[in-house]
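Participant: My questions will all concern the structure given below.
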Amino acid sequence: MKFKTVIKKNNIKNISEIVARLKAGEAIGLPTETVYGLAGRYDNKDTIENIYKIKNRPKSNPLIIHYSNINNALDDIYFDSRALELAKKFWPGPLTLVAKVKNKHICKAAISKMNTIAIRVPSNIIFLNILSKLKIPLAAPSANRYGKISPTSANDVYEELNGKIPVILDGGNSLIGLESTVIDLTEKKTKIIRHGGINKKELTKIIPLYNNKERLKVFISPGLSNSHYKPDTSLRINALKPRKDEAWLAFGPIPKGFKGIAVTLSKKKCLKECAKNLYKMLRYLDKKKCNGIAVQRIPKLGLGIAINDRLRRAAFNDKTNVK
Ligand code: TXA
Ligand code: MG
């Protein structure tokens, strides 16, 4: 279906309208603290199939289900003390837990007919408000076309999905700018299967983590494709400086007198600021249609692990990078 996509402001009237649309089974672009999501009710087959179609996402890649509170979320899985501890510490927030599914109302297509499910309670006030008014959990993948850069503003969602969805709710720029960290609790060994908004150091204070070096060789998470988060322009990562025909995505100050196209992820080399700016700036530079984008080396510590993970996938297959 072709829509005239509208970006709506966050006010009482629009929230009521969006809750009614979600209830009726529409898929809507909504802000979360990590990235914008393409949200639809978790129990409606047509809605879920529509979400996959809009994103052009393979049906084998399950969605994250979002809940308004910890109790409702944990009610839908077989949980143990690990899930309880992590939920108590990090929810609402950018952590997703994968566990065995219990709830029978969840549309099977939303979890790709698996016997496990990914759940989280987001901390974005607007999203939480909608969830508690709707009283139905929402399946929400990031609101980008499959394999492309995740959106961190309502305008980004518009660029990605214009004409494919009726409404996007404007909640400003995403606070974190990177997707949630996904943790696998289906086996005794607790594993990070996607680095994200909560870093490993914070997690290991609560629970020991299995060092998951084999992550690319074995099946862990269907969505961990090597090529993802891709701009159209080719990306050269871990760069020391830009070449003449490249745009420069700096980490730290841009040298005085620099002549080319350049922006910095963080002048002060702050990883939090860098995460918040990463997708936004990749989108910005992608529009400049340069011959390439060179990204300055970013430390692989704390949030830097998730940032480097996204950059590696975004650069995958680009001929300038050694795999
Ligand atoms: O921050 C986020 O997590 C955002 C916001 C909107 O909440 N959502 C998001 O969804 O990033 P998506 O669909 O782009 O990524 C979900 C990831 C995928 O890599 C998917 O394969 C994985 O979670 N996943 C979902 N269910 C899973 C399961 N049962 N087992 C393993 N991985 C799973
Ligand atoms: Mg995604």
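Numbering starts fresh at 1 for the residues of each chain in the structure tokens, the chains themselves are lettered A, B, ... in the order given, and ligands are numbered from 1 as they appear.
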Residues within 9 Å of Lys241 in chain A, please, as a ChimeraX atom specification. Count only C-alpha atoms; anything in the same chain fewer than 2 positions from it doesn't count.
Facilitator: /A:239,243,248,250,294-296
Participant: Pull all heavy atoms from the residues just selected and write them as an mmCIF file, in the first residue's frame.
Facilitator:
data_model
loop_
_atom_site.group_PDB
_atom_site.id
_atom_site.type_symbol
_atom_site.label_atom_id
_atom_site.label_comp_id
_atom_site.auth_asym_id
_atom_site.auth_seq_id
_atom_site.Cartn_x
_atom_site.Cartn_y
_atom_site.Cartn_z
ATOM 1 N N ALA A 239 40.814 4.501 9.971
ATOM 2 C CA ALA A 239 41.688 5.347 9.150
ATOM 3 C C ALA A 239 42.510 6.290 10.030
ATOM 4 O O ALA A 239 42.087 6.675 11.122
ATOM 5 C CB ALA A 239 40.840 6.152 8.176
ATOM 6 N N ARG A 243 41.919 10.306 2.547
ATOM 7 C CA ARG A 243 42.574 10.559 1.259
ATOM 8 C C ARG A 243 41.880 11.744 0.594
ATOM 9 O O ARG A 243 40.827 12.185 1.056
ATOM 10 C CB ARG A 243 42.473 9.314 0.385
ATOM 11 C CG ARG A 243 43.223 8.153 0.989
ATOM 12 C CD ARG A 243 43.074 6.899 0.137
ATOM 13 N NE ARG A 243 43.657 5.782 0.851
ATOM 14 C CZ ARG A 243 43.109 4.565 0.948
ATOM 15 N NH1 ARG A 243 41.972 4.311 0.338
ATOM 16 N NH2 ARG A 243 43.710 3.612 1.624
ATOM 17 N N TRP A 248 35.689 12.877 5.656
ATOM 18 C CA TRP A 248 36.369 12.487 6.902
ATOM 19 C C TRP A 248 35.385 12.465 8.061
ATOM 20 O O TRP A 248 34.758 13.478 8.374
ATOM 21 C CB TRP A 248 37.500 13.489 7.166
ATOM 22 C CG TRP A 248 38.380 13.249 8.364
ATOM 23 C CD1 TRP A 248 38.731 14.189 9.291
ATOM 24 C CD2 TRP A 248 39.079 12.041 8.742
ATOM 25 N NE1 TRP A 248 39.583 13.645 10.221
ATOM 26 C CE2 TRP A 248 39.806 12.319 9.916
ATOM 27 C CE3 TRP A 248 39.141 10.747 8.208
ATOM 28 C CZ2 TRP A 248 40.593 11.371 10.556
ATOM 29 C CZ3 TRP A 248 39.918 9.795 8.853
ATOM 30 C CH2 TRP A 248 40.636 10.117 10.005
ATOM 31 N N ALA A 250 35.597 12.135 11.704
ATOM 32 C CA ALA A 250 36.675 12.192 12.706
ATOM 33 C C ALA A 250 36.201 11.723 14.073
ATOM 34 O O ALA A 250 35.002 11.724 14.378
ATOM 35 C CB ALA A 250 37.189 13.624 12.802
ATOM 36 N N ALA A 294 36.085 8.054 5.080
ATOM 37 C CA ALA A 294 37.112 7.477 5.954
ATOM 38 C C ALA A 294 36.714 7.756 7.395
ATOM 39 O O ALA A 294 36.370 8.891 7.732
ATOM 40 C CB ALA A 294 38.468 8.100 5.641
ATOM 41 N N VAL A 295 36.736 6.714 8.224
ATOM 42 C CA VAL A 295 36.350 6.883 9.633
ATOM 43 C C VAL A 295 37.589 6.728 10.503
ATOM 44 O O VAL A 295 38.288 5.706 10.436
ATOM 45 C CB VAL A 295 35.295 5.837 10.067
ATOM 46 C CG1 VAL A 295 34.741 6.180 11.447
ATOM 47 C CG2 VAL A 295 34.169 5.729 9.055
ATOM 48 N N GLN A 296 37.854 7.728 11.306
ATOM 49 C CA GLN A 296 39.038 7.695 12.177
ATOM 50 C C GLN A 296 38.918 6.556 13.191
ATOM 51 O O GLN A 296 37.810 6.228 13.647
ATOM 52 C CB GLN A 296 39.165 9.030 12.918
ATOM 53 C CG GLN A 296 40.476 9.179 13.661
ATOM 54 C CD GLN A 296 40.751 10.634 14.041
ATOM 55 O OE1 GLN A 296 39.913 11.511 13.885
ATOM 56 N NE2 GLN A 296 41.951 10.876 14.526
#
Participant: Compile the contact shell of Leu178 in chain A as a VMD selection string: residues with an atom at most 12 Å away, counting only C-alpha atoms, same-chain residues fewer than 6 positions apart removed.
Facilitator: chain A and resid 32 to 37 94 to 95 142 149 to 152 194 to 199 229 271 to 280 303 to 311
Participant: Could you please take those selected residues and save C-alpha atoms as a PDB file, in the first residue's frame?
Facilitator:
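As written to disk, result00.pdb reads:
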ATOM      1  CA  THR A  32      12.919   4.733  21.420  1.00  0.00           C
ATOM      2  CA  GLU A  33      15.996   5.707  23.409  1.00  0.00           C
ATOM      3  CA  THR A  34      18.218   3.559  21.150  1.00  0.00           C
ATOM      4  CA  VAL A  35      16.990   4.064  17.563  1.00  0.00           C
ATOM      5  CA  TYR A  36      13.538   4.590  16.000  1.00  0.00           C
ATOM      6  CA  GLY A  37      11.421   1.451  15.746  1.00  0.00           C
ATOM      7  CA  PRO A  94      18.710  -0.546  26.133  1.00  0.00           C
ATOM      8  CA  LEU A  95      19.029  -4.235  27.014  1.00  0.00           C
ATOM      9  CA  SER A 142      14.652  -0.657  13.776  1.00  0.00           C
ATOM     10  CA  ILE A 149      21.588   2.586   8.527  1.00  0.00           C
ATOM     11  CA  SER A 150      19.249   2.635  11.538  1.00  0.00           C
ATOM     12  CA  PRO A 151      17.237   5.852  11.994  1.00  0.00           C
ATOM     13  CA  THR A 152      17.844   8.124  14.978  1.00  0.00           C
ATOM     14  CA  ARG A 194      24.789  -8.011  19.850  1.00  0.00           C
ATOM     15  CA  HIS A 195      26.826  -5.261  21.452  1.00  0.00           C
ATOM     16  CA  GLY A 196      24.827  -2.093  22.046  1.00  0.00           C
ATOM     17  CA  GLY A 197      23.684   0.619  24.438  1.00  0.00           C
ATOM     18  CA  ILE A 198      24.712  -1.216  27.632  1.00  0.00           C
ATOM     19  CA  ASN A 199      28.370  -2.154  27.589  1.00  0.00           C
ATOM     20  CA  TYR A 229      23.983  -0.637   8.725  1.00  0.00           C
ATOM     21  CA  LEU A 271      32.263   7.539  23.287  1.00  0.00           C
ATOM     22  CA  LYS A 272      28.718   8.351  24.430  1.00  0.00           C
ATOM     23  CA  GLU A 273      28.598  11.389  22.163  1.00  0.00           C
ATOM     24  CA  CYS A 274      30.196   9.335  19.388  1.00  0.00           C
ATOM     25  CA  ALA A 275      27.468   6.648  19.647  1.00  0.00           C
ATOM     26  CA  LYS A 276      24.745   9.293  19.551  1.00  0.00           C
ATOM     27  CA  ASN A 277      26.211  10.882  16.421  1.00  0.00           C
ATOM     28  CA  LEU A 278      27.347   7.786  14.522  1.00  0.00           C
ATOM     29  CA  TYR A 279      24.280   6.940  12.388  1.00  0.00           C
ATOM     30  CA  LYS A 280      23.281  10.602  12.013  1.00  0.00           C
ATOM     31  CA  LEU A 303      30.619   1.704  24.058  1.00  0.00           C
ATOM     32  CA  GLY A 304      33.468   1.701  21.519  1.00  0.00           C
ATOM     33  CA  ILE A 305      32.984  -2.081  21.123  1.00  0.00           C
ATOM     34  CA  ALA A 306      29.418  -1.595  19.826  1.00  0.00           C
ATOM     35  CA  ILE A 307      30.464   1.404  17.713  1.00  0.00           C
ATOM     36  CA  ASN A 308      33.274  -0.594  16.076  1.00  0.00           C
ATOM     37  CA  ASP A 309      30.931  -3.557  15.545  1.00  0.00           C
ATOM     38  CA  ARG A 310      28.492  -1.340  13.576  1.00  0.00           C
ATOM     39  CA  LEU A 311      31.298   0.254  11.586  1.00  0.00           C
TER      40      LEU A 311
END
Participant: Just to confirm, what's the straight-line distance from atom 1 (Mg, counted along the ligand's line) of ligand 2 to CA of Lys230 in chain A in Å (one decimal)?
Facilitator: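 Result for atom 1 (Mg, counted along the ligand's line) of ligand 2 versus CA of Lys230 in chain A: 11.1 Å, one decimal.
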Participant: Residues within 8 Å of ligand 2 (only C-alpha atoms and all ligand atoms), as a JSON list (two decimals) with all heavy atoms, in the first residue's frame?
Facilitator:
[["chain", "number", "residue", "atom", "x", "y", "z"],
["A", 141, "PRO", "N", 11.21, -3.76, 15.11],
["A", 141, "PRO", "CA", 12.59, -3.73, 14.61],
["A", 141, "PRO", "C", 12.99, -2.27, 14.38],
["A", 141, "PRO", "O", 12.13, -1.39, 14.45],
["A", 141, "PRO", "CB", 12.48, -4.47, 13.27],
["A", 141, "PRO", "CG", 11.10, -4.17, 12.80],
["A", 141, "PRO", "CD", 10.24, -4.02, 14.05],
["A", 142, "SER", "N", 14.25, -2.02, 14.13],
["A", 142, "SER", "CA", 14.65, -0.66, 13.78],
["A", 142, "SER", "C", 13.94, -0.26, 12.48],
["A", 142, "SER", "O", 13.71, -1.10, 11.60],
["A", 142, "SER", "CB", 16.17, -0.59, 13.62],
["A", 142, "SER", "OG", 16.63, -1.62, 12.77],
["A", 143, "ALA", "N", 13.59, 1.04, 12.38],
["A", 143, "ALA", "CA", 12.72, 1.49, 11.28],
["A", 143, "ALA", "C", 13.51, 1.87, 10.02],
["A", 143, "ALA", "O", 13.30, 2.95, 9.46],
["A", 143, "ALA", "CB", 11.86, 2.65, 11.77],
["A", 144, "ASN", "N", 14.40, 0.98, 9.61],
["A", 144, "ASN", "CA", 15.18, 1.21, 8.39],
["A", 144, "ASN", "C", 14.88, 0.10, 7.39],
["A", 144, "ASN", "O", 14.39, -0.96, 7.77],
["A", 144, "ASN", "CB", 16.68, 1.20, 8.71],
["A", 144, "ASN", "CG", 17.08, -0.01, 9.53],
["A", 144, "ASN", "OD1", 16.73, -0.11, 10.71],
["A", 144, "ASN", "ND2", 17.76, -0.95, 8.90],
["A", 146, "TYR", "N", 15.94, -3.03, 5.30],
["A", 146, "TYR", "CA", 16.84, -4.09, 5.74],
["A", 146, "TYR", "C", 18.28, -3.84, 5.26],
["A", 146, "TYR", "O", 18.51, -3.56, 4.08],
["A", 146, "TYR", "CB", 16.33, -5.44, 5.21],
["A", 146, "TYR", "CG", 17.16, -6.60, 5.71],
["A", 146, "TYR", "CD1", 17.14, -6.95, 7.04],
["A", 146, "TYR", "CD2", 17.97, -7.30, 4.84],
["A", 146, "TYR", "CE1", 17.91, -7.99, 7.52],
["A", 146, "TYR", "CE2", 18.74, -8.35, 5.30],
["A", 146, "TYR", "CZ", 18.70, -8.68, 6.64],
["A", 146, "TYR", "OH", 19.47, -9.72, 7.12],
["A", 147, "GLY", "N", 19.22, -3.91, 6.20],
["A", 147, "GLY", "CA", 20.64, -3.77, 5.85],
["A", 147, "GLY", "C", 21.15, -2.34, 5.83],
["A", 147, "GLY", "O", 22.34, -2.10, 5.73],
["A", 150, "SER", "N", 20.41, 2.46, 10.66],
["A", 150, "SER", "CA", 19.25, 2.63, 11.54],
["A", 150, "SER", "C", 18.93, 4.12, 11.70],
["A", 150, "SER", "O", 19.83, 4.95, 11.71],
["A", 150, "SER", "CB", 19.52, 2.02, 12.91],
["A", 150, "SER", "OG", 19.71, 0.64, 12.78],
["A", 179, "GLU", "N", 21.59, 0.55, 18.76],
["A", 179, "GLU", "CA", 20.58, -0.40, 19.20],
["A", 179, "GLU", "C", 20.91, -0.98, 20.58],
["A", 179, "GLU", "O", 22.04, -0.85, 21.07],
["A", 179, "GLU", "CB", 20.49, -1.57, 18.20],
["A", 179, "GLU", "CG", 19.99, -1.20, 16.83],
["A", 179, "GLU", "CD", 21.08, -0.63, 15.93],
["A", 179, "GLU", "OE1", 22.20, -0.35, 16.42],
["A", 179, "GLU", "OE2", 20.82, -0.44, 14.73],
["A", 223, "GLY", "N", 19.97, -12.27, 13.10],
["A", 223, "GLY", "CA", 20.14, -10.93, 12.54],
["A", 223, "GLY", "C", 21.58, -10.46, 12.47],
["A", 223, "GLY", "O", 21.84, -9.34, 12.05],
["A", 229, "TYR", "N", 23.81, -2.05, 8.38],
["A", 229, "TYR", "CA", 23.98, -0.64, 8.73],
["A", 229, "TYR", "C", 24.72, 0.13, 7.62],
["A", 229, "TYR", "O", 25.61, 0.93, 7.89],
["A", 229, "TYR", "CB", 24.76, -0.49, 10.05],
["A", 229, "TYR", "CG", 24.28, -1.42, 11.14],
["A", 229, "TYR", "CD1", 24.96, -2.58, 11.46],
["A", 229, "TYR", "CD2", 23.11, -1.13, 11.83],
["A", 229, "TYR", "CE1", 24.51, -3.44, 12.45],
["A", 229, "TYR", "CE2", 22.65, -1.98, 12.83],
["A", 229, "TYR", "CZ", 23.36, -3.13, 13.13],
["A", 229, "TYR", "OH", 22.91, -3.96, 14.11]]
Participant: Using only C-alpha atoms, which of the listed residues (A:Ile48, A:Cys270, A:Ala87, A:Leu128) sits closest to Pro299 in chain A?
Facilitator: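 Under the stated criterion, the closest residue is A:Cys270.
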Participant: Give the helix (DSSP H, G or I) residues of range 82-248 of chain A, as assigned by DSSP on the backbone, as a ChimeraX atom specification.
Facilitator: /A:82-90,108-111,125-134,154-161,200-204
Participant: Could you dump the residues just selected with N, CA and C atoms as an mmCIF file, in the first residue's frame?
Facilitator:
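File produced: again-v3.cif:
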data_model
loop_
_atom_site.group_PDB
_atom_site.id
_atom_site.type_symbol
_atom_site.label_atom_id
_atom_site.label_comp_id
_atom_site.auth_asym_id
_atom_site.auth_seq_id
_atom_site.Cartn_x
_atom_site.Cartn_y
_atom_site.Cartn_z
ATOM 1 N N ARG A 82 19.156 -15.023 36.397
ATOM 2 C CA ARG A 82 19.930 -14.098 35.548
ATOM 3 C C ARG A 82 19.007 -13.056 34.931
ATOM 4 N N ALA A 83 17.895 -13.525 34.372
ATOM 5 C CA ALA A 83 16.943 -12.610 33.712
ATOM 6 C C ALA A 83 16.410 -11.597 34.716
ATOM 7 N N LEU A 84 16.109 -12.103 35.909
ATOM 8 C CA LEU A 84 15.551 -11.236 36.943
ATOM 9 C C LEU A 84 16.543 -10.142 37.343
ATOM 10 N N GLU A 85 17.784 -10.547 37.587
ATOM 11 C CA GLU A 85 18.817 -9.581 37.992
ATOM 12 C C GLU A 85 19.052 -8.542 36.910
ATOM 13 N N LEU A 86 19.190 -8.998 35.673
ATOM 14 C CA LEU A 86 19.464 -8.079 34.559
ATOM 15 C C LEU A 86 18.287 -7.124 34.352
ATOM 16 N N ALA A 87 17.082 -7.673 34.416
ATOM 17 C CA ALA A 87 15.893 -6.843 34.215
ATOM 18 C C ALA A 87 15.799 -5.776 35.313
ATOM 19 N N LYS A 88 16.038 -6.205 36.563
ATOM 20 C CA LYS A 88 15.932 -5.263 37.684
ATOM 21 C C LYS A 88 16.946 -4.134 37.547
ATOM 22 N N LYS A 89 18.131 -4.477 37.043
ATOM 23 C CA LYS A 89 19.197 -3.489 36.968
ATOM 24 C C LYS A 89 19.052 -2.580 35.731
ATOM 25 N N PHE A 90 18.678 -3.151 34.584
ATOM 26 C CA PHE A 90 18.811 -2.390 33.328
ATOM 27 C C PHE A 90 17.491 -1.990 32.662
ATOM 28 N N LYS A 108 3.475 -16.076 15.766
ATOM 29 C CA LYS A 108 4.642 -16.940 15.515
ATOM 30 C C LYS A 108 5.626 -16.296 14.534
ATOM 31 N N ALA A 109 5.057 -15.537 13.587
ATOM 32 C CA ALA A 109 5.922 -14.891 12.584
ATOM 33 C C ALA A 109 6.846 -13.852 13.226
ATOM 34 N N ALA A 110 6.398 -13.236 14.335
ATOM 35 C CA ALA A 110 7.208 -12.195 14.999
ATOM 36 C C ALA A 110 8.488 -12.786 15.566
ATOM 37 N N ILE A 111 8.417 -14.076 15.945
ATOM 38 C CA ILE A 111 9.605 -14.708 16.519
ATOM 39 C C ILE A 111 10.171 -15.752 15.549
ATOM 40 N N ILE A 125 10.220 7.719 27.214
ATOM 41 C CA ILE A 125 8.947 8.037 27.881
ATOM 42 C C ILE A 125 7.772 7.971 26.907
ATOM 43 N N ILE A 126 7.980 8.431 25.686
ATOM 44 C CA ILE A 126 6.887 8.440 24.701
ATOM 45 C C ILE A 126 6.480 6.998 24.360
ATOM 46 N N PHE A 127 7.493 6.169 24.097
ATOM 47 C CA PHE A 127 7.210 4.759 23.758
ATOM 48 C C PHE A 127 6.512 4.060 24.935
ATOM 49 N N LEU A 128 7.018 4.320 26.149
ATOM 50 C CA LEU A 128 6.416 3.698 27.341
ATOM 51 C C LEU A 128 4.968 4.145 27.528
ATOM 52 N N ASN A 129 4.729 5.418 27.278
ATOM 53 C CA ASN A 129 3.376 5.978 27.392
ATOM 54 C C ASN A 129 2.428 5.261 26.424
ATOM 55 N N ILE A 130 2.892 5.075 25.207
ATOM 56 C CA ILE A 130 2.067 4.384 24.197
ATOM 57 C C ILE A 130 1.823 2.936 24.617
ATOM 58 N N LEU A 131 2.881 2.266 25.075
ATOM 59 C CA LEU A 131 2.731 0.866 25.501
ATOM 60 C C LEU A 131 1.728 0.738 26.642
ATOM 61 N N SER A 132 1.774 1.667 27.599
ATOM 62 C CA SER A 132 0.862 1.489 28.730
ATOM 63 C C SER A 132 -0.566 1.872 28.355
ATOM 64 N N LYS A 133 -0.735 2.791 27.418
ATOM 65 C CA LYS A 133 -2.108 3.114 26.974
ATOM 66 C C LYS A 133 -2.684 1.972 26.111
ATOM 67 N N LEU A 134 -1.828 1.400 25.283
ATOM 68 C CA LEU A 134 -2.264 0.346 24.350
ATOM 69 C C LEU A 134 -2.561 -0.966 25.082
ATOM 70 N N ALA A 154 13.008 11.299 13.477
ATOM 71 C CA ALA A 154 11.784 11.078 12.682
ATOM 72 C C ALA A 154 12.084 11.305 11.197
ATOM 73 N N ASN A 155 12.920 12.285 10.898
ATOM 74 C CA ASN A 155 13.265 12.540 9.486
ATOM 75 C C ASN A 155 14.007 11.362 8.861
ATOM 76 N N ASP A 156 14.872 10.722 9.650
ATOM 77 C CA ASP A 156 15.581 9.528 9.141
ATOM 78 C C ASP A 156 14.570 8.437 8.768
ATOM 79 N N VAL A 157 13.562 8.243 9.629
ATOM 80 C CA VAL A 157 12.545 7.215 9.348
ATOM 81 C C VAL A 157 11.823 7.598 8.056
ATOM 82 N N TYR A 158 11.534 8.890 7.920
ATOM 83 C CA TYR A 158 10.854 9.363 6.699
ATOM 84 C C TYR A 158 11.695 9.028 5.468
ATOM 85 N N GLU A 159 12.994 9.290 5.549
ATOM 86 C CA GLU A 159 13.891 8.970 4.421
ATOM 87 C C GLU A 159 13.871 7.482 4.091
ATOM 88 N N GLU A 160 13.808 6.660 5.136
ATOM 89 C CA GLU A 160 13.850 5.210 4.939
ATOM 90 C C GLU A 160 12.526 4.648 4.423
ATOM 91 N N LEU A 161 11.411 5.123 5.002
ATOM 92 C CA LEU A 161 10.139 4.413 4.786
ATOM 93 C C LEU A 161 9.015 5.289 4.231
ATOM 94 N N LYS A 200 29.672 -4.117 28.011
ATOM 95 C CA LYS A 200 30.049 -5.377 28.644
ATOM 96 C C LYS A 200 30.467 -5.197 30.112
ATOM 97 N N LYS A 201 31.192 -4.112 30.370
ATOM 98 C CA LYS A 201 31.686 -3.874 31.721
ATOM 99 C C LYS A 201 30.519 -3.702 32.698
ATOM 100 N N GLU A 202 29.495 -2.968 32.280
ATOM 101 C CA GLU A 202 28.317 -2.765 33.137
ATOM 102 C C GLU A 202 27.611 -4.104 33.392
ATOM 103 N N LEU A 203 27.559 -4.935 32.343
ATOM 104 C CA LEU A 203 26.871 -6.222 32.460
ATOM 105 C C LEU A 203 27.611 -7.184 33.377
ATOM 106 N N THR A 204 28.937 -7.193 33.263
ATOM 107 C CA THR A 204 29.707 -8.165 34.053
ATOM 108 C C THR A 204 29.698 -7.825 35.545
#
Participant: Apply DSSP to the backbone of this structure and, from range 2-240 of chain A, keep only the residues in strand (DSSP E); write these as a ChimeraX atom specification.
Facilitator: /A:6-8,28-30,37-41,64-66,95-100,116-120,138-139,167-169,181-184,191-194,235-239
Participant: Find the spatial neighbours of range 11-14 of chain A, counting only C-alpha atoms, within a cut-off of 10 Å - ignore same-chain residues fewer than 6 positions away - and output them as a PyMOL selection string.
Facilitator: chain A and resi 20+126+169-170
Participant: Go ahead and save the picked residues with C-alpha atoms, as an mmCIF file, in the first residue's frame.
Facilitator:
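Generated output (out.cif):
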data_model
loop_
_atom_site.group_PDB
_atom_site.id
_atom_site.type_symbol
_atom_site.label_atom_id
_atom_site.label_comp_id
_atom_site.auth_asym_id
_atom_site.auth_seq_id
_atom_site.Cartn_x
_atom_site.Cartn_y
_atom_site.Cartn_z
ATOM 1 C CA ALA A 20 -5.890 3.667 18.083
ATOM 2 C CA ILE A 126 6.887 8.440 24.701
ATOM 3 C CA LEU A 169 5.883 10.048 15.735
ATOM 4 C CA ASP A 170 8.549 12.690 16.308
#
Participant: Could you jot down the CA of His105 in chain A to CA of Gly40 in chain A separation for me, Å, one decimal place?
Facilitator: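 A separation of 14.1 Å between them.
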Participant: Identify, on the basis of only C-alpha atoms, every residue whose closest approach to Arg313 in chain A does not exceed 6 Å; exclude the query and any residue fewer than 3 positions from it along the same chain; express the result as number ranges by chain.
Facilitator: A: 226-228, 310, 316
Participant: Considering only C-alpha atoms and all ligand atoms, can you say which of A:Thr181, A:Asn317, A:Asn291, A:Ser68 comes closest to ligand 1?
Facilitator: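 Nearest candidate to ligand 1 out of A:Thr181, A:Asn317, A:Asn291, A:Ser68: A:Thr181.
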Participant: Can you pull out the residues contacting Phe3 in chain A? Cut-off 9 Å, using only C-alpha atoms, and skip same-chain residues under 6 positions away; I want them as a ChimeraX atom specification.
Facilitator: /A:162-167
Participant: Keeping only C-alpha atoms, write those residues as an mmCIF file, in the first residue's frame.
Facilitator:
data_model
loop_
_atom_site.group_PDB
_atom_site.id
_atom_site.type_symbol
_atom_site.label_atom_id
_atom_site.label_comp_id
_atom_site.auth_asym_id
_atom_site.auth_seq_id
_atom_site.Cartn_x
_atom_site.Cartn_y
_atom_site.Cartn_z
ATOM 1 C CA ASN A 162 8.367 7.340 3.113
ATOM 2 C CA GLY A 163 5.206 6.069 1.405
ATOM 3 C CA LYS A 164 5.342 2.699 3.174
ATOM 4 C CA ILE A 165 3.877 3.703 6.551
ATOM 5 C CA PRO A 166 1.108 6.155 7.472
ATOM 6 C CA VAL A 167 2.620 7.878 10.513
#
Participant: My list of candidates is A:Thr5, A:Asn50, A:Asn71, A:Asn124. Which is closest to ligand 1 when distances are computed with only C-alpha atoms and all ligand atoms?
Facilitator: A:Asn124
Participant: Go through A:Ile51, A:Ala99, A:Ile119, A:Val182 and flag the residue nearest Asn72 in chain A, using only C-alpha atoms for the distances.
Facilitator: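 Comparing A:Ile51, A:Ala99, A:Ile119, A:Val182 against Asn72 in chain A, the winner is A:Ile119.
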Participant: Nearest residue to ligand 1 out of A:Ile237, A:Ile136, A:Leu63, A:Ala39, using only C-alpha atoms and all ligand atoms?
Facilitator: A:Leu63
Participant: Quick one: residues within 7 Å of Ile293 in chain A, only C-alpha atoms counted, chain neighbours fewer than 4 positions away excluded, as JSON, numbers by chain?
Facilitator: {"A": [233, 234, 235, 236, 246, 247, 248, 249]}
Participant: Keeping C-alpha atoms, export the residues of the selection given above as a short mmCIF file (atom, residue, chain, number, x, y, z; two decimals), in the first residue's frame.
Facilitator:
data_model
loop_
_atom_site.label_atom_id
_atom_site.label_comp_id
_atom_site.auth_asym_id
_atom_site.auth_seq_id
_atom_site.Cartn_x
_atom_site.Cartn_y
_atom_site.Cartn_z
CA THR A 233 29.11 5.34 -0.06
CA SER A 234 31.94 2.91 0.65
CA LEU A 235 33.47 3.14 4.09
CA ARG A 236 37.13 2.87 5.14
CA GLU A 246 37.24 10.94 0.81
CA ALA A 247 34.94 12.59 3.35
CA TRP A 248 36.37 12.49 6.90
CA LEU A 249 34.41 11.15 9.86
#
Participant: In terms of the shortest atom-to-atom distance over only C-alpha atoms, which of A:Thr186, A:Leu282, A:Pro62, A:Ile28 is closest to Ile77 in chain A?
Facilitator: A:Thr186
Participant: What's the 6 Å shell around Tyr42 in chain A, counting only C-alpha atoms, without same-chain residues fewer than 4 positions away, as an MDAnalysis selection string?
Facilitator: chainID A and resid 106:107 137:139
Participant: Just to confirm, what's the straight-line distance from CA of Lys300 in chain A to CA of Ile207 in chain A in Å (one decimal)?
Facilitator: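 CA of Lys300 in chain A sits 21.2 Å away from CA of Ile207 in chain A.
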